[in-house]
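Here the structure comes first, spelled out in structure tokens, and everything after it is commentary.
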Amino acid sequence: MAEPDRNTESLARAPQRLVERLREWTAGSSRRNRIVGAGLAAAVLATVVSWLTVAELAVADDGPSVAHALAALDNGDDERARSLIAGLDEDQLSGLEYGAAMYALGVLKVRDAQRQWAPERSRTDYFVASKYLSEARAIGFPGKREASGLFLLGKSLIESRQLEDGVAVLEAALRAGVEDDAAAHLLLADAHFFAPAPDYQRTINEADLAAEAPNATPEQRSQALLLKSEALAALGRGDEALRACQQAGGTVDPARRALVEAKALVAQVAHAPGPVTPLLISKAQAALTRAKRADNLATSVSRESDYLRAQVAELAGLREQAIAGYGELRRTQGTSPVGIAGAVAEGRLLQEEGEPEQALDSYRRAIEALQTSGPYRNGLMPMREVERRLRNAHADYLASENFSPALRLTEQLGQLLGRTEHLAMRAETLRRWGDATVARGLAKGAPGRPSVRVGRRRLREAGLAYEQLAESRFASRQFTADLLTAAEAYSDGQAYDDAIRVLNRYVRHEPEDGNAIVLLRLGQAHLARGEDTQAIEAFRRCLEFHPTDAASYQARLECAGAHRTLGEYDEAERLLRYNLTQTALTTRSPEWRASQFELGRLLAEAGRHDEAIRELEEAIERAELYHPDDHRVLQAQYRIAMSHRAAAAEPLAELAAAETVRERERARGLAHEHLEASLDMFNRVRRKLTLAESSDELDRATLRNCYVLAGDVLFELGRYDEAIQSFASVSTLHQNEPMMLPAFVQIYHCWRRLGDRPKALGVIQQARLLLERLPADAEFVEATSRSRREWDRLLGQLALF
């Protein structure tokens, strides 16, 4: 314990001994006294200055300041800058000081992002930095940091995938004179290349500016040239891409350089002017092998190489190998951009190979990956290209009538494309599915009725989808167009109430009482519901407000049909003759021909048979000249046959009442002329229908009527044997059906006229056996206008005569 005390005492006496020695040294010497005095004065002055400095610092360091934080930031002392910013009292900061603090925080976050090893963490830090720096920009960057602040903000926006805003800010940074303009141009090139909708030409322009910048480093120049090469390859300019790649220096990762070279070679293969040569294929494959071999850490270079290898196989025509390569990427790389691109490419090839369900599974996996993974950044297949391929896949499904996978793909694309486009695709899919199903069902006739019902249900679903689409575009010009399409789909699906509701809504949103086509559709919907009066009102409004619109021709035609149904023949005839004589329609116009056919039908129903025959014959002649396949020709011929048969009734009545030979001969000749013409036309229609072998229900009914009515005409002409054959032919169409009963009765009358009562009774016995065989739920009234009991009574009475 004694030793420390002696040391302490020695230290305490040191100043005293120093003073004593100075006195001894200066004794008797004025010069030495002046030296010591000057030294003491200097020491005193230094002490005062030190104390003043300390006092000033004490006053300045009452708390942390923004200036100190910026100084620490400039010196690279991030932790001190962060600590100083954290110690600031925001309530005590001025506006400019607050902006400077936000700038400092933004710079710190940029540096944090640059130190991150995980891309997701780095993106998060850049995003936070963009918020700090955006706020600093709004207030004003501190000091002379405008250009550097804009550069860091633009970089943060681009690195956090806010590309559009980032490009605008970086361009502002260049205008402000950012020091590292090469880095700014390189960032802009990168942003244009990896944008969802890439702009490869702007990428090339920015890469050139980066490479040519005076302050560009060798590494920046190499990166710019490689990016330019990739953009050229994406544009299909493989030769230029290869030259740009070769110009890049050796300061870049050899694996990436080999990959970029491979992309240039693949572009040469894909856009070769002639057949793909094995030499080009082997060069591309060799470059891909070098890239993968140089990628020691198995980074994205290896994954992109695998994708390009599958693409080369596809270009070489090795489709199975390509499908296997894309499929392997889909399975192993899942939610990565390369895995998504592989799944989409695999789906396209499978679809082309006629495997719609397997293709749909690939598309589904790609869409799910896009929805669950992070931001999509892929130079091989940008988001715009992914969306384009998926839309094309949907269109191909529709074109090949693979409607079920098309609809399922539409549902999967919902979140990716947005509600409006999803509804548009869904509505189109259902509409085309419904139309195709209805058409197939109608072509099959009665056996196709279930298909027709299914198809109409699809059309009603399409109507609902179009109506929902209209709601989603309420504020746009497509709103009313979507409503009209919805109404048409509802009408085609026979949901006429919904069609009328939607069309009335359309009219409420359109000036001048709606437009012509809408009022036409509204009238047609009312007609389909049997609401002739309401239909006529809609057609009248169409003709009143739009008398010269193209839809007015059809409106007059439809309105005439409604008046005809109501028995208002004069008004119906006026409308039809207006179409034929007072409009711009030509004789080749579909509405003109339809009006003439309808006029013939109207005149026939009105009992003006001679006029009806003339109009219908003229209509047939014109149709056979220009449109020989027009189905109305057959209908018109059938009506001509009916008109001739009806026209014969009057001379037959005159024949019965005639008192002179001359009157009887004239009546008999006129009746015979009409009956022969009727028989000839019935036979012509019958032959056409027989040759066509149509399964359409209306055609089958017309064919049956031709046999029956031709038999009636033959009966009137007294050609009973031929009449029996005509009636018996009905059995070929309706064997063991209630429709045979009227034919049996007619055959019975023929045998009675021939005087062969046993055969007549034999026919009645056949009819009674048929009646017994027919099931209890057979539709007697609809088919024959008599019930089972009435037929039993009638056959019983005929058997007595």
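Residues are named by chain letter and number: chains run A, B, ... in the order of the structure tokens, numbers start at 1 in each chain, and ligands are numbered from 1 in the order shown.
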Quiz prompt | Residues near Gln554 (chain A), cut-off 8 Å, only C-alpha atoms, skip fewer than 3 positions along chain, as a list in words | solution = Leu520, Ala550, Ala551, Leu557, Glu558 and Glu591 of chain A
Practice problem: Fewer than 2 positions away in the same chain doesn't count, so skip those; otherwise give me all residues within 10 Å of Asp112 (chain A), counting only C-alpha atoms, as a count of residues only. | Solution: 14
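As for CA of Asn215 (chain A) and CA of Asp180 (chain A), they are spaced 7.0 Å apart.
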Quiz item: Residues of region 400-560 of chain A in alpha helix (DSSP H) according to DSSP, as a VMD selection string?
Solution: chain A and resid 403 to 412 414 to 417 419 to 443 449 to 472 478 to 492 496 to 509 516 to 528 532 to 545 550 to 560
Show which residues sit within 7 Å of Ala489 (chain A), as a short mmCIF file (atom, residue, chain, number, x, y, z; two decimals) with N, CA, C and O atoms, in the first residue's frame. Count only C-alpha atoms, and ignore same-chain residues fewer than 6 positions away.
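Ended up saving to part03.cif:
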```cif
data_model
loop_
_atom_site.label_atom_id
_atom_site.label_comp_id
_atom_site.auth_asym_id
_atom_site.auth_seq_id
_atom_site.Cartn_x
_atom_site.Cartn_y
_atom_site.Cartn_z
N ARG A 431 -71.41 -16.81 -74.63
CA ARG A 431 -72.21 -16.51 -75.83
C ARG A 431 -71.86 -17.47 -76.96
O ARG A 431 -72.75 -18.07 -77.59
N LEU A 459 -76.67 -19.11 -73.05
CA LEU A 459 -76.94 -17.78 -73.57
C LEU A 459 -77.53 -16.88 -72.49
O LEU A 459 -77.21 -15.68 -72.44
N ARG A 460 -78.36 -17.43 -71.65
CA ARG A 460 -78.90 -16.62 -70.55
C ARG A 460 -77.78 -16.23 -69.58
O ARG A 460 -77.76 -15.12 -69.05
N ALA A 462 -74.73 -15.84 -70.47
CA ALA A 462 -73.99 -14.80 -71.19
C ALA A 462 -74.67 -13.45 -71.05
O ALA A 462 -74.00 -12.42 -70.87
N GLY A 463 -75.99 -13.44 -71.13
CA GLY A 463 -76.72 -12.19 -70.94
C GLY A 463 -76.44 -11.57 -69.59
O GLY A 463 -76.22 -10.35 -69.47
#
```
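By chain and then residue number, the residues within 10 Å of region 773-785 of chain A are Asn736, Glu737, Pro738, Met739, Met740, Leu741, Pro742, Ala767, Arg768, Leu769, Leu770, Arg788, Arg789, Glu790 and Trp791 of chain A, counting only C-alpha atoms and disregarding those fewer than 3 positions away in sequence.
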Quiz item: In Å to one decimal, how far is CA of Leu390 (chain A) from CA of Leu430 (chain A)?
Solution: 17.8 Å
Exercise. Point out the residue among A:Ala173, A:Ala341, A:Leu655, A:Leu349 with the least atom-to-atom distance to Glu387 (chain A), counting only C-alpha atoms.
Key: A:Ala341
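Taking CA of Ala287 (chain A) and CA of Leu259 (chain A) as the two end points, the separation is 6.9 Å.
Taking only C-alpha atoms, the non-local environment of Arg145 (chain A) within 12 Å (same-chain residues fewer than 5 positions away omitted) comprises Leu70, Asp74, Gly99, Ala100, Tyr103, Ala104, Val107, Leu133, Ala136, Arg137, Gly140, Leu150, Phe151, Leu152, Leu153, Ala173, Ala176, Gly177, Val178 and Glu179 of chain A.
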Practice problem: Please identify all polymer residues within 10 Å of Thr548 (chain A), counting only C-alpha atoms, omitting same-chain residues fewer than 6 positions from it, and present them as a ChimeraX atom specification. | Solution: /A:516,542,583-584
With C-alpha atoms retained, write the just-selected residues as a CSV table (one decimal), in the first residue's frame.
```
chain,number,residue,atom,x,y,z
A,516,ALA,CA,-83.3,2.3,-83.9
A,542,CYS,CA,-88.5,3.1,-84.1
A,583,THR,CA,-87.3,3.0,-99.4
A,584,ALA,CA,-83.7,2.8,-100.6
```
Practice problem: Excluding Gly418 (chain A) and residues on its chain fewer than 6 positions from it, collect all residues at most 12 Å away from it, counting only C-alpha atoms, and give them as a ChimeraX atom specification. | Solution: /A:387,410-412,424-425,469,472
